[in-house]
file run_5.csv (CSV, C-alpha atoms and all ligand atoms)
chain,number,residue,atom,x,y,z
A,1,MET,CA,-10.5,-6.7,-16.8
A,2,SER,CA,-14.0,-6.6,-15.3
A,3,GLY,CA,-15.0,-6.9,-11.6
A,4,ILE,CA,-15.5,-4.7,-8.6
A,5,LEU,CA,-12.9,-2.5,-7.0
A,6,VAL,CA,-11.9,-3.4,-3.5
A,7,ALA,CA,-10.1,-0.6,-1.6
A,8,ILE,CA,-8.1,-1.6,1.5
A,9,ASP,CA,-6.7,1.2,3.6
A,10,GLY,CA,-5.0,1.2,7.0
A,11,PRO,CA,-1.8,2.1,8.9
A,12,ALA,CA,1.7,0.8,8.3
A,13,ALA,CA,2.1,-3.0,8.9
A,14,SER,CA,-1.6,-3.6,9.4
A,15,GLY,CA,-1.5,-6.4,6.9
A,16,LYS,CA,-3.0,-4.4,4.0
A,17,SER,CA,-0.8,-5.6,1.2
A,18,THR,CA,-0.7,-9.3,2.1
A,19,THR,CA,-4.4,-9.2,2.6
A,20,ALA,CA,-5.1,-7.4,-0.7
A,21,ARG,CA,-2.9,-9.8,-2.5
A,22,SER,CA,-4.6,-12.9,-1.1
A,23,VAL,CA,-8.1,-11.4,-1.8
A,24,ALA,CA,-7.0,-10.7,-5.4
A,25,VAL,CA,-5.8,-14.3,-5.8
A,26,ARG,CA,-9.1,-15.7,-4.4
A,27,LEU,CA,-11.2,-13.5,-6.6
A,28,GLY,CA,-9.0,-13.9,-9.7
A,29,TYR,CA,-8.3,-10.1,-9.5
A,30,CYS,CA,-5.0,-8.2,-9.6
A,31,HIS,CA,-3.4,-6.5,-6.6
A,32,LEU,CA,-2.4,-2.8,-6.9
A,33,ASN,CA,-0.1,-1.8,-4.0
A,34,SER,CA,-0.1,2.0,-4.0
A,35,GLY,CA,2.6,2.2,-1.3
A,36,LEU,CA,5.1,0.7,-3.8
A,37,LEU,CA,4.6,3.8,-6.0
A,38,TYR,CA,5.6,6.1,-3.1
A,39,ARG,CA,8.4,3.8,-2.1
A,40,SER,CA,9.7,3.7,-5.7
A,41,ILE,CA,9.8,7.4,-6.0
A,42,ALA,CA,11.6,7.7,-2.7
A,43,TRP,CA,14.1,5.0,-3.7
A,44,CYS,CA,14.8,6.6,-7.1
A,45,SER,CA,15.1,10.1,-5.7
A,46,LEU,CA,17.4,8.9,-2.9
A,47,ARG,CA,19.6,6.9,-5.3
A,48,ASP,CA,19.9,9.8,-7.8
A,49,GLY,CA,20.4,12.4,-5.1
A,50,TRP,CA,17.4,14.8,-5.7
A,51,ILE,CA,15.2,13.8,-2.7
A,52,ASP,CA,16.5,16.7,-0.6
A,53,ALA,CA,17.0,19.2,-3.5
A,54,PRO,CA,14.0,21.5,-3.5
A,55,GLY,CA,14.9,23.1,-6.8
A,56,ARG,CA,15.4,19.8,-8.5
A,57,PHE,CA,12.7,17.7,-7.0
A,58,GLY,CA,9.8,19.0,-9.1
A,59,PRO,CA,11.5,18.9,-12.5
A,60,GLU,CA,13.1,15.5,-11.8
A,61,LEU,CA,9.7,14.1,-10.8
A,62,GLU,CA,8.1,15.4,-13.9
A,63,ARG,CA,10.7,13.7,-16.0
A,64,LEU,CA,10.3,10.4,-14.2
A,65,ASP,CA,8.7,7.7,-16.3
A,66,LEU,CA,6.4,5.9,-13.7
A,67,THR,CA,4.5,2.9,-15.0
A,68,LEU,CA,2.9,-0.2,-13.8
A,69,GLU,CA,3.3,-3.6,-15.5
A,70,ARG,CA,0.9,-6.4,-14.8
A,71,ARG,CA,2.6,-9.6,-13.6
A,72,ASP,CA,0.3,-12.5,-12.8
A,73,ARG,CA,-1.8,-11.2,-9.8
A,74,GLU,CA,0.1,-8.0,-9.1
A,75,PHE,CA,1.6,-4.9,-10.7
A,76,LEU,CA,5.3,-4.2,-10.9
A,77,VAL,CA,6.3,-0.6,-10.5
A,78,LEU,CA,8.8,0.6,-13.2
A,79,VAL,CA,10.7,3.8,-12.7
A,80,ASN,CA,12.3,4.8,-16.0
A,81,GLY,CA,11.8,1.2,-17.1
A,82,GLU,CA,13.5,-0.2,-14.0
A,83,ALA,CA,12.1,-2.1,-11.1
A,84,ALA,CA,13.7,-1.6,-7.7
A,85,GLY,CA,14.5,-4.9,-5.8
A,86,ARG,CA,12.1,-5.8,-3.0
A,87,GLY,CA,14.9,-5.3,-0.4
A,88,LEU,CA,15.5,-1.7,-1.6
A,89,LEU,CA,11.8,-0.9,-1.4
A,90,THR,CA,11.3,-2.3,2.0
A,91,ALA,CA,14.5,-0.9,3.6
A,92,PRO,CA,13.7,1.3,6.6
A,93,GLU,CA,15.2,4.4,5.0
A,94,THR,CA,13.0,4.0,1.9
A,95,ALA,CA,9.9,3.6,4.1
A,96,ARG,CA,10.8,6.7,6.2
A,97,ARG,CA,11.4,8.8,3.0
A,98,ALA,CA,8.3,7.4,1.3
A,99,SER,CA,6.2,8.7,4.1
A,100,ARG,CA,7.7,12.2,3.6
A,101,VAL,CA,7.5,12.3,-0.2
A,102,ALA,CA,3.9,11.0,0.1
A,103,ALA,CA,3.0,14.3,1.8
A,104,MET,CA,4.1,16.3,-1.3
A,105,PRO,CA,1.2,17.4,-3.6
A,106,GLU,CA,3.1,16.9,-6.8
A,107,VAL,CA,3.9,13.3,-5.8
A,108,ARG,CA,0.4,12.5,-4.8
A,109,ASN,CA,-1.0,13.9,-8.0
A,110,ARG,CA,1.4,11.8,-10.0
A,111,VAL,CA,0.6,8.6,-8.1
A,112,LEU,CA,-3.2,9.3,-8.2
A,113,HIS,CA,-3.1,9.5,-11.9
A,114,VAL,CA,-1.2,6.2,-12.4
A,115,LEU,CA,-3.5,4.4,-9.9
A,116,ARG,CA,-6.7,5.6,-11.5
A,117,VAL,CA,-5.7,4.8,-15.0
A,118,THR,CA,-4.7,1.3,-13.9
A,119,GLY,CA,-7.6,0.5,-11.5
A,120,GLU,CA,-10.6,2.1,-13.2
A,121,GLU,CA,-11.6,-1.0,-15.1
A,122,GLY,CA,-12.1,-2.9,-11.9
A,123,GLY,CA,-11.1,-6.4,-11.0
A,124,VAL,CA,-8.5,-4.8,-8.7
A,125,THR,CA,-7.8,-4.9,-5.0
A,126,CYS,CA,-5.9,-1.6,-4.2
A,127,ASP,CA,-4.3,-1.0,-0.8
A,128,GLY,CA,-2.9,2.2,0.7
A,129,ARG,CA,-4.0,5.1,3.0
A,130,ASP,CA,-6.4,7.1,0.8
A,131,ILE,CA,-7.8,4.6,-1.6
A,132,GLY,CA,-11.4,4.6,-0.3
A,133,THR,CA,-11.4,8.4,0.3
A,134,VAL,CA,-9.5,10.0,-2.6
A,135,VAL,CA,-8.3,7.5,-5.2
A,136,PHE,CA,-11.4,5.4,-5.7
A,137,PRO,CA,-14.2,7.0,-3.7
A,138,ALA,CA,-16.8,5.0,-5.7
A,139,ALA,CA,-15.1,1.6,-4.9
A,140,GLU,CA,-17.8,-1.0,-4.3
A,141,LEU,CA,-16.1,-2.3,-1.2
A,142,LYS,CA,-13.9,-0.3,1.2
A,143,ILE,CA,-12.1,-1.9,4.1
A,144,PHE,CA,-10.1,-0.1,6.8
A,145,LEU,CA,-7.7,-2.5,8.6
A,146,VAL,CA,-6.4,-1.7,12.0
A,147,ALA,CA,-4.2,-3.6,14.6
A,148,SER,CA,-2.5,-2.4,17.8
A,149,ALA,CA,1.0,-0.9,17.3
A,150,HIS,CA,2.5,-3.7,19.4
A,151,GLU,CA,1.0,-6.4,17.2
A,152,ARG,CA,2.0,-4.6,14.0
A,153,ALA,CA,5.6,-4.2,15.3
A,154,ARG,CA,5.7,-7.9,16.2
A,155,ARG,CA,4.5,-8.9,12.8
A,156,ARG,CA,6.9,-6.6,11.0
A,157,ILE,CA,9.9,-7.9,13.0
A,158,LEU,CA,8.9,-11.5,12.3
A,159,GLU,CA,8.5,-10.7,8.6
A,160,HIS,CA,12.1,-9.5,8.5
A,161,GLY,CA,13.3,-12.6,10.3
A,162,GLY,CA,14.0,-10.8,13.6
A,163,ASP,CA,13.1,-11.6,17.2
A,164,PRO,CA,10.0,-9.7,18.5
A,165,ALA,CA,11.2,-10.2,22.1
A,166,GLY,CA,14.5,-8.5,21.2
A,167,PRO,CA,15.7,-5.0,21.7
A,168,ALA,CA,14.4,-3.9,18.3
A,169,PHE,CA,10.8,-4.2,19.4
A,170,TYR,CA,10.2,-0.8,21.0
A,171,GLU,CA,12.2,1.0,18.2
A,172,GLU,CA,9.8,-0.6,15.7
A,173,VAL,CA,6.7,0.5,17.7
A,174,ARG,CA,8.1,4.0,17.9
A,175,SER,CA,8.9,4.1,14.1
A,176,LEU,CA,5.4,2.8,13.2
A,177,GLU,CA,3.7,5.3,15.5
A,178,GLU,CA,5.8,8.1,14.0
A,179,ARG,CA,4.8,7.1,10.5
A,180,ASP,CA,1.1,6.7,11.4
A,181,LEU,CA,1.1,10.2,12.9
A,182,ARG,CA,2.6,11.7,9.8
A,183,ASP,CA,0.3,9.8,7.5
A,184,ALA,CA,-2.8,10.7,9.5
A,185,ASN,CA,-2.1,14.3,10.1
A,186,ARG,CA,-0.9,15.6,6.8
A,187,SER,CA,-3.2,18.1,5.2
A,188,LEU,CA,-3.3,16.3,1.8
A,189,ALA,CA,-5.2,12.9,1.6
A,190,PRO,CA,-4.6,12.0,5.2
A,191,MET,CA,-5.0,8.4,6.3
A,192,VAL,CA,-8.6,8.3,7.6
A,193,PRO,CA,-11.3,5.7,7.1
A,194,ALA,CA,-13.9,6.5,4.4
A,195,ALA,CA,-17.3,7.1,5.9
A,196,ASP,CA,-18.6,4.0,4.2
A,197,ALA,CA,-15.5,1.8,5.0
A,198,ILE,CA,-15.9,-1.4,7.0
A,199,GLN,CA,-13.3,-1.4,9.8
A,200,ILE,CA,-11.7,-4.7,10.7
A,201,ASP,CA,-9.4,-5.0,13.7
A,202,THR,CA,-6.9,-7.8,12.8
A,203,THR,CA,-5.1,-7.8,16.2
A,204,GLU,CA,-6.7,-11.1,17.2
A,205,LEU,CA,-7.4,-12.5,13.7
A,206,SER,CA,-5.4,-14.8,11.6
A,207,PRO,CA,-4.5,-13.7,8.0
A,208,ASP,CA,-6.9,-16.3,6.6
A,209,GLU,CA,-9.8,-15.0,8.8
A,210,VAL,CA,-9.2,-11.5,7.5
A,211,VAL,CA,-9.1,-12.6,3.9
A,212,ASP,CA,-12.3,-14.8,4.3
A,213,ARG,CA,-14.2,-11.9,5.7
A,214,ILE,CA,-13.2,-9.6,2.9
A,215,VAL,CA,-13.9,-12.2,0.2
A,216,ALA,CA,-17.3,-12.8,1.6
A,217,LEU,CA,-18.0,-9.0,1.6
A,218,ALA,CA,-16.8,-8.7,-2.0
A,219,LEU,CA,-19.1,-11.5,-3.1
A,220,GLU,CA,-22.0,-9.8,-1.4
A,221,ARG,CA,-21.1,-6.6,-3.3
A,222,GLY,CA,-21.1,-8.2,-6.7
A,223,ALA,CA,-17.7,-9.8,-7.2
A,224,GLU,CA,-17.8,-12.9,-9.3
A,225,PRO,CA,-14.7,-14.9,-8.7
A,226,VAL,CA,-12.8,-16.4,-11.6
A,227,ASP,CA,-11.7,-19.9,-10.7
A,228,GLU,CA,-8.3,-19.9,-12.3
A,229,SER,CA,-5.8,-20.0,-9.5
A,230,PRO,CA,-4.7,-23.3,-7.9
A,231,ASP,CA,-5.5,-22.2,-4.4
A,232,PHE,CA,-8.9,-21.0,-5.2
A,233,ALA,CA,-11.3,-22.0,-2.4
B,301,LIG,O1,1.9,1.0,2.6
B,301,LIG,P1,3.4,1.4,2.6
B,301,LIG,O2,4.0,1.3,4.0
B,301,LIG,O3,4.1,0.7,1.6
B,301,LIG,O4,3.4,3.0,2.2
B,301,LIG,C1,4.6,3.7,2.2
B,301,LIG,C2,4.3,5.2,2.5
B,301,LIG,O5,3.5,5.7,1.5
B,301,LIG,C3,3.5,5.3,3.8
B,301,LIG,O6,4.3,5.9,4.8
B,301,LIG,C4,2.4,6.2,3.4
B,301,LIG,C5,2.5,6.5,2.0
B,301,LIG,N1,1.2,6.1,1.3
B,301,LIG,C6,0.3,7.1,1.2
B,301,LIG,O7,0.4,8.2,1.7
B,301,LIG,N2,-0.9,6.8,0.5
B,301,LIG,C7,-1.1,5.6,0.0
B,301,LIG,N3,-2.2,5.4,-0.7
B,301,LIG,C8,-0.1,4.6,0.1
B,301,LIG,C9,1.0,4.9,0.8

call {"tool": "encode", "arguments": {"input": "run_5.csv", "output": "structure tokens", "more": "lines below"}}
Ligand code: DC
result
Amino acid sequence: MSGILVAIDGPAASGKSTTARSVAVRLGYCHLNSGLLYRSIAWCSLRDGWIDAPGRFGPELERLDLTLERRDREFLVLVNGEAAGRGLLTAPETARRASRVAAMPEVRNRVLHVLRVTGEEGGVTCDGRDIGTVVFPAAELKIFLVASAHERARRRILEHGGDPAGPAFYEEVRSLEERDLRDANRSLAPMVPAADAIQIDTTELSPDEVVDRIVALALERGAEPVDESPDFA
């Protein structure tokens, strides 16, 4: 598949994956969600009981068959041929553990390889924490999305059908800030904007406004949209 590479990085719940998916649909590209790879490794290692087993983690990871399968405008992560359900991948425990396994060099190397092999042909929007800095440093367009922790907590609670005015709000803010700190301060591939990334603060923007901006930038950088989706604008 030809086309440019759009890298979208940013903290947890900043709207990266929803945005990356919508941009992919608008451009006729495919969305590569790198967080799902870390989440899938966390899910599988939790389920099979080797996440906290230092002696077993390395060999089990090496044995793990980690592949991406293209489905319409996105990639499905398969672990030993099996895809975890969405609910399992988005569960709070999986998210917390994913942030921890993502700090491990052997995990990052594995994911880096899978992402590069899949994305190098272009025509991909890839979202994560280190996409513009480490995974695809030559991406034609790099975006760094930010939003206040309160706004991100509000969105996340709504996404899960909860009440942002309820007691879970401050716990969500705390949990997001804890993950941001860990992702930004780890020594390996920390979450930082690439020097040539364009930062977009989405706190006061609607999802459509964010997508419109990125699509306009992608067209400026040489993307040629393929008009094959029904909601192509
Ligand atoms: O984007 P997400 O919330 O699904 O990511 C899950 C975890 O994986 C997150 O805590 C940070 C980590 N991650 C990473 O370190 N690098 C990436 N490129 C993507 C995700």

call {"tool": "residues_near_ligand", "arguments": {"input": "run_5.csv", "ligand": "ligand LIG 301 (chain B)", "cutoff": "6 Å", "atoms": "only C-alpha atoms and all ligand atoms", "output": "list in words"}}
result
Ala12, Ser34, Gly35, Leu36, Tyr38, Arg39, Ala95, Ala98, Ser99, Ala102, Gly128, Arg129, Asp130, Ile131, Arg179 and Asp183 of chain A

call {"tool": "residues_around", "arguments": {"input": "run_5.csv", "residues": "Glu82 (chain A)", "least_positions_apart": "4", "cutoff": "10 Å", "atoms": "only C-alpha atoms", "output": "short mmCIF file (atom, residue, chain, number, x, y, z; two decimals) with C-alpha atoms, in the frame of the given file"}}
result
data_model
loop_
_atom_site.label_atom_id
_atom_site.label_comp_id
_atom_site.auth_asym_id
_atom_site.auth_seq_id
_atom_site.Cartn_x
_atom_site.Cartn_y
_atom_site.Cartn_z
CA SER A 40 9.70 3.70 -5.70
CA CYS A 44 14.80 6.60 -7.10
CA ASP A 65 8.70 7.70 -16.30
CA LEU A 66 6.40 5.90 -13.70
CA THR A 67 4.50 2.90 -15.00
CA LEU A 76 5.30 -4.20 -10.90
CA VAL A 77 6.30 -0.60 -10.50
CA LEU A 78 8.80 0.60 -13.20
#

call {"tool": "residues_around", "arguments": {"input": "run_5.csv", "residues": "Ala13 (chain A)", "least_positions_apart": "4", "cutoff": "9 Å", "atoms": "all atoms listed in the file", "output": "list in words"}}
result
Ser17, Ala147, Ala149, Arg152, Ala153, Arg155, Arg156 and Leu176 of chain A

call {"tool": "closest_residue", "arguments": {"input": "run_5.csv", "among": "A:Ala168, A:Ala194, A:Gly58, A:Leu89", "to": "Trp43 (chain A)", "atoms": "all atoms listed in the file"}}
result
A:Leu89

call {"tool": "atom_distance", "arguments": {"input": "run_5.csv", "atom1": "CA of Asn109 (chain A)", "atom2": "CA of Met191 (chain A)"}}
result
15.8 Å

call {"tool": "residues_around", "arguments": {"input": "run_5.csv", "residues": "Glu224 (chain A)", "least_positions_apart": "5", "cutoff": "10 Å", "atoms": "all atoms listed in the file", "output": "MDAnalysis selection string"}}
result
chainID A and resid 2:4 27:29 123 218:219

call {"tool": "write_last_selection", "arguments": {"input": "run_5.csv", "atoms": "C-alpha atoms", "output": "PDB file, in the coordinates of the input"}}
result
ATOM      1  CA  SER A   2     -14.000  -6.600 -15.300  1.00  0.00           C
ATOM      2  CA  GLY A   3     -15.000  -6.900 -11.600  1.00  0.00           C
ATOM      3  CA  ILE A   4     -15.500  -4.700  -8.600  1.00  0.00           C
ATOM      4  CA  LEU A  27     -11.200 -13.500  -6.600  1.00  0.00           C
ATOM      5  CA  GLY A  28      -9.000 -13.900  -9.700  1.00  0.00           C
ATOM      6  CA  TYR A  29      -8.300 -10.100  -9.500  1.00  0.00           C
ATOM      7  CA  GLY A 123     -11.100  -6.400 -11.000  1.00  0.00           C
ATOM      8  CA  ALA A 218     -16.800  -8.700  -2.000  1.00  0.00           C
ATOM      9  CA  LEU A 219     -19.100 -11.500  -3.100  1.00  0.00           C
TER      10      LEU A 219
END

call {"tool": "closest_residue", "arguments": {"input": "run_5.csv", "among": "A:Ala7, A:Ala42, A:Leu32, A:Val25", "to": "Leu115 (chain A)", "atoms": "only C-alpha atoms"}}
result
A:Leu32

call {"tool": "residues_near_point", "arguments": {"input": "run_5.csv", "point": "(-18.5, 7.2, 1.4)", "cutoff": "8 Å", "atoms": "all atoms listed in the file", "output": "PDB file with C-alpha atoms, in the frame of the given file"}}
result
ATOM      1  CA  GLY A 132     -11.400   4.600  -0.300  1.00  0.00           C
ATOM      2  CA  THR A 133     -11.400   8.400   0.300  1.00  0.00           C
ATOM      3  CA  PRO A 137     -14.200   7.000  -3.700  1.00  0.00           C
ATOM      4  CA  ALA A 138     -16.800   5.000  -5.700  1.00  0.00           C
ATOM      5  CA  ALA A 194     -13.900   6.500   4.400  1.00  0.00           C
ATOM      6  CA  ALA A 195     -17.300   7.100   5.900  1.00  0.00           C
ATOM      7  CA  ASP A 196     -18.600   4.000   4.200  1.00  0.00           C
ATOM      8  CA  ALA A 197     -15.500   1.800   5.000  1.00  0.00           C
TER       9      ALA A 197
END

call {"tool": "closest_residue", "arguments": {"input": "run_5.csv", "among": "A:Leu88, A:Val117, A:Ala189, A:Val146", "to": "Leu205 (chain A)", "atoms": "all atoms listed in the file"}}
result
A:Val146

call {"tool": "residues_around", "arguments": {"input": "run_5.csv", "residues": "Val124 (chain A)", "least_positions_apart": "2", "cutoff": "6 Å", "atoms": "only C-alpha atoms", "output": "PyMOL selection string"}}
result
chain A and resi 5+29-31+122

call {"tool": "write_last_selection", "arguments": {"input": "run_5.csv", "atoms": "C-alpha atoms", "output": "PDB file, in the coordinates of the input"}}
result
ATOM      1  CA  LEU A   5     -12.900  -2.500  -7.000  1.00  0.00           C
ATOM      2  CA  TYR A  29      -8.300 -10.100  -9.500  1.00  0.00           C
ATOM      3  CA  CYS A  30      -5.000  -8.200  -9.600  1.00  0.00           C
ATOM      4  CA  HIS A  31      -3.400  -6.500  -6.600  1.00  0.00           C
ATOM      5  CA  GLY A 122     -12.100  -2.900 -11.900  1.00  0.00           C
TER       6      GLY A 122
END
